[in-house]
Amino acid sequence: MSVSREEVLKIAQLAELHVEEDRLPELAEQMSRILDYVAQLAGQTSETAKPFIPGPDALRFRVDEVKPSPLAFGPDTFAPEFRDGLFLVPKLGQFGDDTGESE
Amino acid sequence: MSDPNEALVNAKAVAERITKTRRLNACLTPPKELRASLVQQAAMAHPSGVLYGMPVGVKDNICTLEFTTTCGSRILEGYRSPYEATAVARLKTAGALIAGKSNCDEFAMGSSTEHSAYGRAVHPLDKARVPGGSSGGSAALVAAGVVPAALGSETGGSVRQPASFCGIVGIKPTYGRVSRYGLVAFGSSLDQIGVFGRSVHDAARVLSVISGRDARDTTCEDRDPLRLPTVPESLQGFVIGVPREYFPTDLDPGVRRACDQAIRMMRDLGAAIREVSLPHTAYAVPTYYIIAPAEASSNLARYDGARYGPRFNGSTDVRALYRETRGQGFGAEVRRRILVGTYVLSSGYYDAYYRKAQQMRSLIAQDFRNVFDRGVDLLFTPTTPTPAFKAGEKITDPVAMYLSDIFTVTANLAGLPALSLPIGRIKGLPVGGQLIGQAFLEDEMLEAAYALERVVPAAGEV
(Lines give C-alpha, C1' and ligand atoms only; values in the text may rest on other atoms or scores of the structure.)
Protein backbone atom coordinates (compact mmCIF):
# COMPACT_ATOMS: atom_id res chain seq x y z
CA MET A 1 0.00 0.00 0.00
CA SER A 2 1.54 3.25 -1.08
CA VAL A 3 0.41 6.54 0.45
CA SER A 4 0.97 9.52 -1.80
CA ARG A 5 2.17 12.96 -0.80
CA GLU A 6 -1.31 14.32 -1.61
CA GLU A 7 -2.99 11.72 0.62
CA VAL A 8 -0.73 12.67 3.54
CA LEU A 9 -1.68 16.31 3.00
CA LYS A 10 -5.39 15.46 2.91
CA ILE A 11 -5.17 13.36 6.08
CA ALA A 12 -3.14 16.09 7.80
CA GLN A 13 -5.88 18.54 6.91
CA LEU A 14 -8.53 16.24 8.41
CA ALA A 15 -6.40 15.89 11.55
CA GLU A 16 -5.86 19.69 11.75
CA LEU A 17 -2.12 19.13 11.66
CA HIS A 18 0.39 21.30 9.86
CA VAL A 19 2.99 19.22 8.05
CA GLU A 20 6.07 20.87 6.59
CA GLU A 21 6.56 20.47 2.88
CA ASP A 22 10.03 18.95 3.23
CA ARG A 23 8.75 16.31 5.69
CA LEU A 24 6.10 14.99 3.28
CA PRO A 25 8.18 12.39 1.38
CA GLU A 26 9.50 10.84 4.61
CA LEU A 27 6.01 10.83 6.20
CA ALA A 28 4.47 9.26 3.09
CA GLU A 29 7.14 6.55 3.14
CA GLN A 30 6.71 5.83 6.87
CA MET A 31 2.91 5.82 6.67
CA SER A 32 3.08 3.44 3.73
CA ARG A 33 5.32 1.10 5.73
CA ILE A 34 3.03 1.21 8.77
CA LEU A 35 -0.12 0.68 6.69
CA ASP A 36 1.57 -2.17 4.78
CA TYR A 37 2.44 -3.76 8.08
CA VAL A 38 -1.05 -3.49 9.58
CA ALA A 39 -2.69 -4.60 6.31
CA GLN A 40 -1.72 -8.21 7.13
CA LEU A 41 -5.03 -8.42 9.02
CA ALA A 42 -6.90 -8.46 5.71
CA GLY A 43 -8.54 -11.85 5.23
CA GLN A 44 -7.55 -13.05 8.70
CA THR A 45 -10.74 -12.28 10.57
CA SER A 46 -14.15 -13.81 10.50
CA GLU A 47 -16.88 -11.36 9.54
CA THR A 48 -19.00 -12.89 12.29
CA ALA A 49 -16.50 -12.00 15.03
CA LYS A 50 -17.97 -9.28 17.21
CA PRO A 51 -15.78 -6.32 18.14
CA PHE A 52 -14.14 -6.67 21.56
CA ILE A 53 -15.42 -4.29 24.21
CA PRO A 54 -13.36 -3.95 27.39
CA GLY A 55 -14.60 -2.78 30.76
CA PRO A 56 -17.57 -3.62 32.96
CA ASP A 57 -20.49 -5.54 31.46
CA ALA A 58 -22.76 -2.69 32.49
CA LEU A 59 -20.83 -0.38 30.19
CA ARG A 60 -21.64 -0.83 26.54
CA PHE A 61 -21.27 1.40 23.51
CA ARG A 62 -24.40 3.25 22.45
CA VAL A 63 -25.47 3.02 18.86
CA ASP A 64 -23.46 5.44 16.75
CA GLU A 65 -26.28 7.54 15.32
CA VAL A 66 -27.09 11.21 14.96
CA LYS A 67 -30.14 12.23 16.98
CA PRO A 68 -31.92 15.58 16.96
CA SER A 69 -30.82 17.85 19.76
CA PRO A 70 -33.64 18.11 22.33
CA LEU A 71 -33.72 21.92 22.50
CA ALA A 72 -36.96 23.62 23.51
CA PHE A 73 -36.13 26.48 21.15
CA GLY A 74 -34.08 26.47 17.99
CA PRO A 75 -30.52 27.84 18.29
CA ASP A 76 -31.45 30.77 16.06
CA THR A 77 -33.82 32.03 18.79
CA PHE A 78 -31.10 32.63 21.35
CA ALA A 79 -27.96 33.14 19.25
CA PRO A 80 -26.91 36.74 18.63
CA GLU A 81 -26.24 35.81 15.01
CA PHE A 82 -27.04 32.56 13.27
CA ARG A 83 -26.77 31.70 9.59
CA ASP A 84 -26.94 28.45 7.59
CA GLY A 85 -26.95 26.34 10.78
CA LEU A 86 -23.88 28.09 12.20
CA PHE A 87 -23.34 30.46 15.11
CA LEU A 88 -21.58 33.62 14.00
CA VAL A 89 -18.95 34.79 16.47
CA PRO A 90 -16.31 37.52 16.37
CA LYS A 91 -13.11 36.61 14.60
CA LEU A 92 -10.40 35.23 16.88
CA GLY A 93 -8.48 38.07 18.52
CA GLN A 94 -11.32 40.53 17.95
CA PHE A 95 -13.19 40.01 21.21
CA GLY A 96 -13.42 43.32 22.99
CA ASP A 97 -12.95 45.17 19.72
CA ASP A 98 -15.20 48.18 19.39
CA THR A 99 -16.09 47.51 15.78
CA GLY A 100 -18.52 44.74 16.74
CA GLU A 101 -18.10 43.20 13.31
CA SER A 102 -18.51 39.51 12.95
CA GLU A 103 -17.68 37.06 10.22
CA MET B 1 1.70 3.99 63.77
CA SER B 2 5.04 4.83 62.09
CA ASP B 3 7.69 7.24 63.34
CA PRO B 4 6.22 10.69 62.56
CA ASN B 5 9.61 11.94 61.37
CA GLU B 6 10.08 9.13 58.88
CA ALA B 7 8.34 10.94 56.04
CA LEU B 8 10.54 14.02 56.37
CA VAL B 9 13.71 11.94 56.48
CA ASN B 10 12.57 10.04 53.37
CA ALA B 11 11.54 13.26 51.63
CA LYS B 12 14.99 14.82 52.04
CA ALA B 13 16.77 11.61 51.10
CA VAL B 14 14.78 11.08 47.90
CA ALA B 15 15.26 14.72 46.88
CA GLU B 16 19.01 14.25 47.27
CA ARG B 17 19.01 10.98 45.32
CA ILE B 18 17.08 12.57 42.47
CA THR B 19 19.59 15.44 42.33
CA LYS B 20 22.50 12.98 42.28
CA THR B 21 20.98 10.95 39.47
CA ARG B 22 20.06 13.86 37.19
CA ARG B 23 22.24 12.37 34.46
CA LEU B 24 19.50 9.73 34.03
CA ASN B 25 17.10 12.47 32.88
CA ALA B 26 14.42 10.33 34.48
CA CYS B 27 12.69 13.00 36.58
CA LEU B 28 11.29 16.07 34.83
CA THR B 29 10.59 18.06 38.01
CA PRO B 30 13.31 20.61 38.84
CA PRO B 31 15.19 19.48 42.02
CA LYS B 32 14.50 22.63 44.05
CA GLU B 33 10.76 22.52 43.35
CA LEU B 34 10.73 18.81 44.10
CA ARG B 35 12.53 19.18 47.43
CA ALA B 36 10.21 21.96 48.59
CA SER B 37 7.12 19.97 47.65
CA LEU B 38 8.39 16.76 49.27
CA VAL B 39 9.08 18.53 52.55
CA GLN B 40 5.59 20.03 52.45
CA GLN B 41 4.02 16.69 51.59
CA ALA B 42 5.94 14.99 54.43
CA ALA B 43 4.47 17.46 56.91
CA MET B 44 0.95 16.63 55.69
CA ALA B 45 1.38 12.82 55.43
CA HIS B 46 -0.46 10.85 58.08
CA PRO B 47 1.69 8.30 59.93
CA SER B 48 -1.16 5.79 60.06
CA GLY B 49 -1.19 5.41 56.26
CA VAL B 50 -0.11 2.03 54.88
CA LEU B 51 2.44 3.71 52.60
CA TYR B 52 3.49 6.36 55.12
CA GLY B 53 6.65 8.10 53.98
CA MET B 54 7.09 5.98 50.84
CA PRO B 55 8.31 8.13 47.93
CA VAL B 56 6.54 7.19 44.70
CA GLY B 57 7.52 8.56 41.28
CA VAL B 58 4.62 9.41 38.97
CA LYS B 59 4.71 9.26 35.17
CA ASP B 60 4.21 12.64 33.59
CA ASN B 61 0.91 11.66 31.94
CA ILE B 62 -0.83 11.22 35.31
CA CYS B 63 -2.33 14.41 36.72
CA THR B 64 -0.93 15.82 39.95
CA LEU B 65 -1.66 19.07 41.77
CA GLU B 66 1.90 19.49 43.04
CA PHE B 67 3.71 19.43 39.70
CA THR B 68 3.15 20.16 36.01
CA THR B 69 1.72 17.41 33.79
CA THR B 70 3.30 17.68 30.34
CA CYS B 71 2.97 14.11 29.02
CA GLY B 72 6.53 14.55 27.75
CA SER B 73 5.18 16.98 25.16
CA ARG B 74 5.85 20.58 24.18
CA ILE B 75 2.13 21.03 23.59
CA LEU B 76 1.51 20.76 27.35
CA GLU B 77 4.65 22.56 28.48
CA GLY B 78 3.98 24.20 31.85
CA TYR B 79 0.47 22.73 32.13
CA ARG B 80 -0.81 22.43 35.68
CA SER B 81 -3.84 20.23 36.09
CA PRO B 82 -6.66 21.68 38.23
CA TYR B 83 -7.36 18.19 39.61
CA GLU B 84 -5.37 15.09 40.46
CA ALA B 85 -5.71 11.48 39.37
CA THR B 86 -7.63 9.15 41.67
CA ALA B 87 -4.51 6.93 41.87
CA VAL B 88 -2.42 9.90 43.05
CA ALA B 89 -5.05 11.00 45.58
CA ARG B 90 -5.17 7.46 47.00
CA LEU B 91 -1.37 7.32 47.31
CA LYS B 92 -1.41 10.57 49.27
CA THR B 93 -4.24 9.37 51.52
CA ALA B 94 -2.11 6.30 52.26
CA GLY B 95 0.75 8.57 53.35
CA ALA B 96 2.96 8.22 50.25
CA LEU B 97 5.02 11.13 48.94
CA ILE B 98 4.70 12.07 45.29
CA ALA B 99 8.35 12.16 44.22
CA GLY B 100 8.06 14.28 41.07
CA LYS B 101 7.03 13.56 37.51
CA SER B 102 8.99 11.02 35.54
CA ASN B 103 10.06 11.26 31.93
CA CYS B 104 8.16 9.35 29.26
CA ASP B 105 7.65 9.13 25.53
CA GLU B 106 5.35 11.90 24.37
CA PHE B 107 1.75 11.02 25.29
CA ALA B 108 3.04 7.53 26.14
CA MET B 109 3.70 6.76 22.48
CA GLY B 110 6.98 4.93 22.25
CA SER B 111 9.11 2.13 23.61
CA SER B 112 12.34 3.92 24.55
CA THR B 113 11.61 7.47 25.88
CA GLU B 114 13.40 8.73 22.76
CA HIS B 115 10.12 10.36 21.79
CA SER B 116 10.04 12.58 24.90
CA ALA B 117 10.21 16.29 24.05
CA TYR B 118 12.55 16.65 27.05
CA GLY B 119 15.24 14.22 25.88
CA ARG B 120 15.48 10.50 26.48
CA ALA B 121 15.96 8.89 29.88
CA VAL B 122 19.15 6.89 30.34
CA HIS B 123 19.34 3.20 31.24
CA PRO B 124 20.77 3.02 34.79
CA LEU B 125 23.14 0.14 33.88
CA ASP B 126 24.33 1.27 30.45
CA LYS B 127 24.13 4.90 29.41
CA ALA B 128 24.22 4.00 25.70
CA ARG B 129 20.96 2.07 26.04
CA VAL B 130 17.34 3.04 26.53
CA PRO B 131 15.41 2.19 29.71
CA GLY B 132 12.41 1.19 27.60
CA GLY B 133 9.17 3.05 27.26
CA SER B 134 6.98 4.68 27.37
CA SER B 135 7.25 4.76 31.21
CA GLY B 136 11.05 4.64 31.02
CA GLY B 137 11.67 7.47 33.49
CA SER B 138 9.66 5.72 36.23
CA ALA B 139 11.50 2.45 35.55
CA ALA B 140 14.93 4.11 35.60
CA LEU B 141 14.18 5.83 38.94
CA VAL B 142 13.14 2.55 40.57
CA ALA B 143 16.03 0.58 39.05
CA ALA B 144 18.56 3.19 40.20
CA GLY B 145 17.22 2.92 43.76
CA VAL B 146 15.96 6.51 43.79
CA VAL B 147 12.41 5.48 44.73
CA PRO B 148 11.10 2.08 45.86
CA ALA B 149 8.07 2.32 43.59
CA ALA B 150 6.60 4.42 40.79
CA LEU B 151 3.45 4.74 38.73
CA GLY B 152 3.51 4.24 35.00
CA SER B 153 0.81 3.70 32.43
CA GLU B 154 0.21 0.89 29.97
CA THR B 155 -1.43 1.01 26.58
CA GLY B 156 0.64 -1.70 24.90
CA GLY B 157 3.31 -2.72 27.40
CA SER B 158 4.67 0.60 28.62
CA VAL B 159 5.18 -0.67 32.18
CA ARG B 160 6.26 -4.28 31.58
CA GLN B 161 8.72 -3.53 28.76
CA PRO B 162 10.74 -0.90 30.70
CA ALA B 163 10.52 -3.07 33.85
CA SER B 164 12.07 -5.90 31.84
CA PHE B 165 14.78 -3.65 30.36
CA CYS B 166 15.70 -2.19 33.77
CA GLY B 167 15.53 -5.40 35.84
CA ILE B 168 12.65 -4.48 38.13
CA VAL B 169 9.03 -5.56 38.65
CA GLY B 170 6.25 -3.98 36.56
CA ILE B 171 2.55 -4.77 36.94
CA LYS B 172 -0.25 -3.99 34.52
CA PRO B 173 -3.58 -4.64 36.24
CA THR B 174 -6.77 -5.87 34.61
CA TYR B 175 -8.56 -3.18 32.57
CA GLY B 176 -10.99 -1.70 35.09
CA ARG B 177 -8.99 -2.60 38.23
CA VAL B 178 -7.52 0.92 38.65
CA SER B 179 -9.34 4.16 37.93
CA ARG B 180 -8.18 6.01 34.81
CA TYR B 181 -9.48 9.30 36.18
CA GLY B 182 -6.63 11.77 35.77
CA LEU B 183 -4.63 9.55 33.42
CA VAL B 184 -4.27 11.57 30.22
CA ALA B 185 -6.06 9.54 27.56
CA PHE B 186 -4.12 7.91 24.71
CA GLY B 187 -6.01 4.73 23.75
CA SER B 188 -9.00 4.71 26.08
CA SER B 189 -9.98 1.07 25.53
CA LEU B 190 -6.41 -0.02 26.37
CA ASP B 191 -4.99 2.48 28.89
CA GLN B 192 -4.38 1.40 32.48
CA ILE B 193 -2.24 2.83 35.26
CA GLY B 194 0.46 0.34 36.26
CA VAL B 195 3.08 0.07 38.98
CA PHE B 196 6.85 -0.42 39.20
CA GLY B 197 8.63 -1.79 42.26
CA ARG B 198 12.04 -3.06 43.32
CA SER B 199 10.24 -6.22 44.45
CA VAL B 200 6.89 -7.89 43.77
CA HIS B 201 5.78 -6.88 47.26
CA ASP B 202 6.60 -3.17 46.82
CA ALA B 203 4.75 -3.03 43.51
CA ALA B 204 1.80 -5.04 44.84
CA ARG B 205 1.43 -2.81 47.93
CA VAL B 206 1.14 0.27 45.74
CA LEU B 207 -1.26 -1.49 43.35
CA SER B 208 -3.46 -2.51 46.25
CA VAL B 209 -3.70 1.13 47.44
CA ILE B 210 -4.59 2.62 44.04
CA SER B 211 -7.07 -0.11 42.99
CA GLY B 212 -10.81 -0.28 43.56
CA ARG B 213 -14.04 1.32 42.43
CA ASP B 214 -14.20 4.98 41.44
CA ALA B 215 -17.40 6.74 40.48
CA ARG B 216 -15.35 9.18 38.38
CA ASP B 217 -14.37 6.48 35.87
CA THR B 218 -17.20 4.47 34.34
CA THR B 219 -14.72 1.92 32.96
CA CYS B 220 -13.52 1.15 36.49
CA GLU B 221 -15.15 -2.01 37.85
CA ASP B 222 -17.31 -1.86 40.95
CA ARG B 223 -14.89 -3.92 43.06
CA ASP B 224 -13.05 -3.64 46.35
CA PRO B 225 -9.33 -2.81 46.29
CA LEU B 226 -7.00 -5.72 45.52
CA ARG B 227 -6.15 -7.81 48.58
CA LEU B 228 -2.54 -8.84 48.79
CA PRO B 229 -1.96 -12.61 48.79
CA THR B 230 0.41 -14.32 51.19
CA VAL B 231 3.75 -15.57 49.93
CA PRO B 232 3.19 -19.24 49.01
CA GLU B 233 5.55 -22.03 50.07
CA SER B 234 5.23 -23.68 46.69
CA LEU B 235 3.38 -23.53 43.38
CA GLN B 236 1.65 -26.85 44.03
CA GLY B 237 -1.72 -26.84 42.28
CA PHE B 238 -0.82 -24.11 39.75
CA VAL B 239 -1.08 -24.95 36.06
CA ILE B 240 1.18 -22.62 34.10
CA GLY B 241 0.79 -22.46 30.34
CA VAL B 242 3.73 -21.73 28.07
CA PRO B 243 2.39 -20.41 24.73
CA ARG B 244 4.55 -21.64 21.86
CA GLU B 245 3.93 -18.48 19.80
CA TYR B 246 5.97 -16.49 22.34
CA PHE B 247 9.08 -18.62 21.77
CA PRO B 248 9.81 -18.14 18.03
CA THR B 249 12.94 -19.65 16.52
CA ASP B 250 14.58 -16.22 16.23
CA LEU B 251 14.07 -15.38 19.93
CA ASP B 252 17.28 -14.04 21.49
CA PRO B 253 19.11 -17.16 22.80
CA GLY B 254 19.87 -15.48 26.14
CA VAL B 255 16.20 -14.59 26.64
CA ARG B 256 15.27 -18.20 25.83
CA ARG B 257 17.83 -19.56 28.34
CA ALA B 258 16.51 -17.24 31.08
CA CYS B 259 12.91 -18.31 30.38
CA ASP B 260 13.84 -22.00 30.31
CA GLN B 261 15.53 -21.59 33.69
CA ALA B 262 12.48 -19.83 35.16
CA ILE B 263 10.15 -22.52 33.81
CA ARG B 264 12.35 -25.24 35.37
CA MET B 265 12.22 -23.41 38.69
CA MET B 266 8.43 -23.09 38.61
CA ARG B 267 8.21 -26.83 37.89
CA ASP B 268 10.56 -27.50 40.82
CA LEU B 269 8.25 -25.41 42.98
CA GLY B 270 5.42 -27.81 42.15
CA ALA B 271 3.67 -26.09 39.24
CA ALA B 272 2.39 -28.17 36.32
CA ILE B 273 3.82 -26.73 33.11
CA ARG B 274 1.73 -27.15 29.97
CA GLU B 275 2.54 -26.04 26.42
CA VAL B 276 -0.39 -24.12 24.95
CA SER B 277 -1.22 -22.19 21.80
CA LEU B 278 -2.58 -18.66 21.29
CA PRO B 279 -2.98 -18.86 17.51
CA HIS B 280 -3.77 -15.21 16.77
CA THR B 281 -0.69 -13.83 18.55
CA ALA B 282 1.02 -12.93 15.26
CA TYR B 283 -1.73 -10.40 14.54
CA ALA B 284 -1.57 -8.63 17.89
CA VAL B 285 0.93 -5.90 16.94
CA PRO B 286 -0.84 -4.91 13.69
CA THR B 287 -4.17 -4.95 15.56
CA TYR B 288 -2.74 -2.74 18.27
CA TYR B 289 -1.20 -0.32 15.77
CA ILE B 290 -4.61 0.25 14.21
CA ILE B 291 -6.69 0.55 17.38
CA ALA B 292 -4.26 2.62 19.47
CA PRO B 293 -3.55 5.31 16.81
CA ALA B 294 -7.27 5.47 15.95
CA GLU B 295 -8.17 6.16 19.57
CA ALA B 296 -5.19 8.51 19.93
CA SER B 297 -6.20 10.58 16.91
CA SER B 298 -9.55 11.16 18.57
CA ASN B 299 -8.24 11.72 22.13
CA LEU B 300 -5.53 14.14 21.02
CA ALA B 301 -7.94 16.29 19.00
CA ARG B 302 -8.44 18.42 22.13
CA TYR B 303 -4.89 19.82 21.98
CA ASP B 304 -5.46 22.70 19.64
CA GLY B 305 -3.87 25.72 21.29
CA ALA B 306 -7.23 27.05 22.46
CA ARG B 307 -7.67 25.04 25.64
CA TYR B 308 -4.32 23.73 26.90
CA GLY B 309 -0.67 24.69 26.90
CA PRO B 310 1.19 27.10 24.67
CA ARG B 311 -0.42 28.60 21.58
CA PHE B 312 1.55 29.24 18.46
CA ASN B 313 0.61 32.75 17.46
CA GLY B 314 0.81 34.43 14.11
CA SER B 315 -2.06 32.44 12.63
CA THR B 316 -4.48 34.18 10.35
CA ASP B 317 -7.58 32.20 11.34
CA VAL B 318 -8.67 29.69 13.93
CA ARG B 319 -7.99 26.59 11.84
CA ALA B 320 -4.52 27.83 11.02
CA LEU B 321 -4.03 28.34 14.76
CA TYR B 322 -5.04 24.72 15.41
CA ARG B 323 -2.79 23.40 12.68
CA GLU B 324 0.26 25.44 13.63
CA THR B 325 -0.12 24.66 17.33
CA ARG B 326 -0.54 20.94 16.70
CA GLY B 327 2.11 20.81 13.98
CA GLN B 328 4.71 22.52 16.17
CA GLY B 329 3.57 21.20 19.55
CA PHE B 330 3.50 17.48 18.77
CA GLY B 331 6.65 15.49 18.10
CA ALA B 332 7.31 13.22 15.12
CA GLU B 333 5.91 9.97 16.55
CA VAL B 334 2.71 11.56 17.85
CA ARG B 335 2.14 13.30 14.49
CA ARG B 336 2.72 9.99 12.72
CA ARG B 337 0.22 8.15 14.92
CA ILE B 338 -2.40 10.90 14.59
CA LEU B 339 -2.06 10.66 10.81
CA VAL B 340 -2.28 6.84 10.80
CA GLY B 341 -5.25 6.98 13.20
CA THR B 342 -7.07 9.56 11.10
CA TYR B 343 -6.37 7.50 7.97
CA VAL B 344 -7.76 4.22 9.37
CA LEU B 345 -10.88 5.97 10.64
CA SER B 346 -11.50 7.94 7.48
CA SER B 347 -14.36 7.22 5.14
CA GLY B 348 -13.64 4.24 2.89
CA TYR B 349 -10.92 2.77 5.12
CA TYR B 350 -12.83 2.23 8.37
CA ASP B 351 -14.05 -1.26 7.45
CA ALA B 352 -10.74 -2.32 5.96
CA TYR B 353 -8.70 -1.34 9.00
CA TYR B 354 -10.53 -0.37 12.19
CA ARG B 355 -13.40 -2.84 11.95
CA LYS B 356 -11.01 -5.67 11.05
CA ALA B 357 -8.77 -4.77 14.00
CA GLN B 358 -11.71 -4.80 16.40
CA GLN B 359 -12.70 -8.25 15.14
CA MET B 360 -9.14 -9.51 15.48
CA ARG B 361 -9.05 -8.12 19.00
CA SER B 362 -12.03 -10.35 19.80
CA LEU B 363 -10.23 -13.40 18.44
CA ILE B 364 -7.09 -12.60 20.46
CA ALA B 365 -9.19 -12.28 23.65
CA GLN B 366 -10.94 -15.56 22.78
CA ASP B 367 -7.54 -17.33 22.45
CA PHE B 368 -6.85 -16.45 26.10
CA ARG B 369 -10.32 -17.55 27.23
CA ASN B 370 -9.88 -20.89 25.46
CA VAL B 371 -6.61 -21.57 27.28
CA PHE B 372 -7.90 -20.48 30.70
CA ASP B 373 -11.12 -22.50 30.21
CA ARG B 374 -8.97 -25.62 29.79
CA GLY B 375 -7.60 -25.40 33.30
CA VAL B 376 -4.57 -23.18 32.83
CA ASP B 377 -4.20 -20.67 35.68
CA LEU B 378 -1.45 -18.43 34.33
CA LEU B 379 0.75 -18.01 31.28
CA PHE B 380 4.49 -17.54 31.29
CA THR B 381 6.37 -15.84 28.44
CA PRO B 382 9.39 -13.61 27.86
CA THR B 383 8.44 -9.94 28.37
CA THR B 384 10.49 -8.68 25.43
CA PRO B 385 12.27 -10.40 22.53
CA THR B 386 15.65 -8.86 23.48
CA PRO B 387 17.26 -7.01 26.40
CA ALA B 388 17.45 -3.18 26.30
CA PHE B 389 18.48 -1.90 22.88
CA LYS B 390 20.84 0.97 22.12
CA ALA B 391 19.58 4.53 21.80
CA GLY B 392 19.08 5.45 18.16
CA GLU B 393 18.91 1.81 17.05
CA LYS B 394 15.19 1.87 16.16
CA ILE B 395 14.31 5.54 16.12
CA THR B 396 14.13 5.85 12.33
CA ASP B 397 12.13 2.65 11.80
CA PRO B 398 8.72 2.90 13.49
CA VAL B 399 7.74 -0.70 12.67
CA ALA B 400 10.97 -2.07 14.25
CA MET B 401 10.20 -0.01 17.37
CA TYR B 402 6.60 -1.31 17.43
CA LEU B 403 7.84 -4.92 17.35
CA SER B 404 9.54 -4.51 20.73
CA ASP B 405 5.97 -4.67 22.16
CA ILE B 406 5.24 -8.01 20.49
CA PHE B 407 4.88 -10.03 23.72
CA THR B 408 3.12 -7.36 25.77
CA VAL B 409 0.34 -5.94 23.57
CA THR B 410 -1.83 -9.07 23.77
CA ALA B 411 -2.63 -8.56 27.48
CA ASN B 412 -3.69 -4.97 26.75
CA LEU B 413 -5.86 -6.02 23.82
CA ALA B 414 -7.57 -8.70 25.95
CA GLY B 415 -7.74 -6.47 29.06
CA LEU B 416 -5.86 -9.04 31.19
CA PRO B 417 -3.50 -8.51 34.13
CA ALA B 418 0.18 -9.19 33.51
CA LEU B 419 3.50 -8.52 35.17
CA SER B 420 7.17 -8.63 34.37
CA LEU B 421 9.82 -9.69 36.86
CA PRO B 422 13.59 -10.01 36.41
CA ILE B 423 14.73 -13.58 35.70
CA GLY B 424 18.43 -13.20 34.86
CA ARG B 425 20.93 -11.15 32.88
CA ILE B 426 22.66 -11.36 29.53
CA LYS B 427 26.06 -9.63 29.51
CA GLY B 428 24.92 -7.55 32.45
CA LEU B 429 21.59 -6.55 30.90
CA PRO B 430 18.38 -7.65 32.65
CA VAL B 431 15.88 -10.08 31.12
CA GLY B 432 12.23 -10.05 32.16
CA GLY B 433 9.80 -12.95 32.42
CA GLN B 434 6.09 -12.25 32.01
CA LEU B 435 3.16 -13.79 33.86
CA ILE B 436 -0.28 -13.20 32.34
CA GLY B 437 -3.29 -13.87 34.56
CA GLN B 438 -7.04 -14.14 34.25
CA ALA B 439 -9.15 -11.02 34.51
CA PHE B 440 -9.31 -9.73 38.11
CA LEU B 441 -7.24 -12.66 39.41
CA GLU B 442 -4.17 -10.53 40.11
CA ASP B 443 -3.82 -12.31 43.45
CA GLU B 444 -3.02 -15.64 41.74
CA MET B 445 -0.55 -13.89 39.43
CA LEU B 446 1.14 -12.21 42.39
CA GLU B 447 1.35 -15.50 44.32
CA ALA B 448 3.24 -17.11 41.45
CA ALA B 449 5.46 -14.04 41.11
CA TYR B 450 6.28 -14.07 44.84
CA ALA B 451 7.28 -17.73 44.62
CA LEU B 452 9.38 -17.32 41.47
CA GLU B 453 11.06 -14.15 42.77
CA ARG B 454 12.31 -16.05 45.81
CA VAL B 455 14.19 -18.65 43.80
CA VAL B 456 15.21 -17.07 40.50
CA PRO B 457 18.71 -15.52 40.39
CA ALA B 458 17.51 -12.18 39.00
CA ALA B 459 21.01 -10.69 38.80
CA GLY B 460 22.72 -13.89 37.64
CA GLU B 461 24.07 -14.39 34.12
CA VAL B 462 22.24 -17.00 32.07
# chains A, B, ... in the order shown; residues from 1 in each chain; ligands from 1
$ residues_around --residues "Arg307 (chain B)" --least-positions-apart "4" --cutoff "12 Å" --atoms "only C-alpha atoms" --output "VMD selection string"
chain B and resid 75 to 76 79 301 to 303 311 321 to 322 325
$ residues_around --residues "region 36-40 of chain B" --least-positions-apart "4" --cutoff "8 Å" --atoms "only C-alpha atoms" --output "VMD selection string"
chain B and resid 8 11 to 12 15 32 44 66 97 to 99
$ select_by_dssp --residues "chain A" --states "alpha helix (DSSP H)" --output "list in words"
Arg5, Glu6, Glu7, Val8, Leu9, Lys10, Ile11, Ala12, Gln13, Leu14, Leu24, Pro25, Glu26, Leu27, Ala28, Glu29, Gln30, Met31, Ser32, Arg33, Ile34, Leu35, Asp36, Tyr37, Val38, Pro75, Asp76, Thr77 and Phe78 of chain A
$ interface_residues --of "chain B" --to "chain A" --cutoff "7 Å" --atoms "only C-alpha atoms" --output "JSON, numbers by chain"
{"B": [175, 176, 189, 219, 221, 283, 286, 287, 289, 290, 317, 318, 322, 323, 324, 326, 327, 339, 340, 342, 343, 356, 358, 359, 360, 361, 362, 399, 415]}
$ atom_distance --atom1 "CA of Ala163 (chain B)" --atom2 "CA of Pro225 (chain B)"
23.4 Å
$ atom_distance --atom1 "CA of Gly72 (chain B)" --atom2 "CA of Asp105 (chain B)"
6.0 Å
$ residues_around --residues "region 381-387 of chain B" --least-positions-apart "2" --cutoff "9 Å" --atoms "only C-alpha atoms" --output "VMD selection string"
chain B and resid 157 160 to 161 164 to 166 241 to 244 246 to 247 250 to 252 254 to 256 258 to 259 379 389 403 to 408 419 to 421 425 to 426 429 to 436
$ residues_around --residues "Val209 (chain B)" --least-positions-apart "5" --cutoff "8 Å" --atoms "only C-alpha atoms" --output "list in words"
Arg90, Leu91, Ala94, Pro225 and Leu226 of chain B
$ write_last_selection --atoms "N, CA and C atoms" --output "short mmCIF file (atom, residue, chain, number, x, y, z; two decimals), in the first residue's frame"
data_model
loop_
_atom_site.label_atom_id
_atom_site.label_comp_id
_atom_site.auth_asym_id
_atom_site.auth_seq_id
_atom_site.Cartn_x
_atom_site.Cartn_y
_atom_site.Cartn_z
N ARG B 90 -5.17 8.61 46.08
CA ARG B 90 -5.17 7.46 47.00
C ARG B 90 -3.77 7.22 47.59
N LEU B 91 -2.74 7.45 46.79
CA LEU B 91 -1.37 7.32 47.31
C LEU B 91 -1.16 8.30 48.45
N ALA B 94 -2.81 7.40 51.58
CA ALA B 94 -2.11 6.30 52.26
C ALA B 94 -0.77 6.75 52.84
N PRO B 225 -10.76 -2.83 46.63
CA PRO B 225 -9.33 -2.81 46.29
C PRO B 225 -8.74 -4.23 46.34
N LEU B 226 -7.68 -4.42 45.58
CA LEU B 226 -7.00 -5.72 45.52
C LEU B 226 -6.46 -6.09 46.90
#
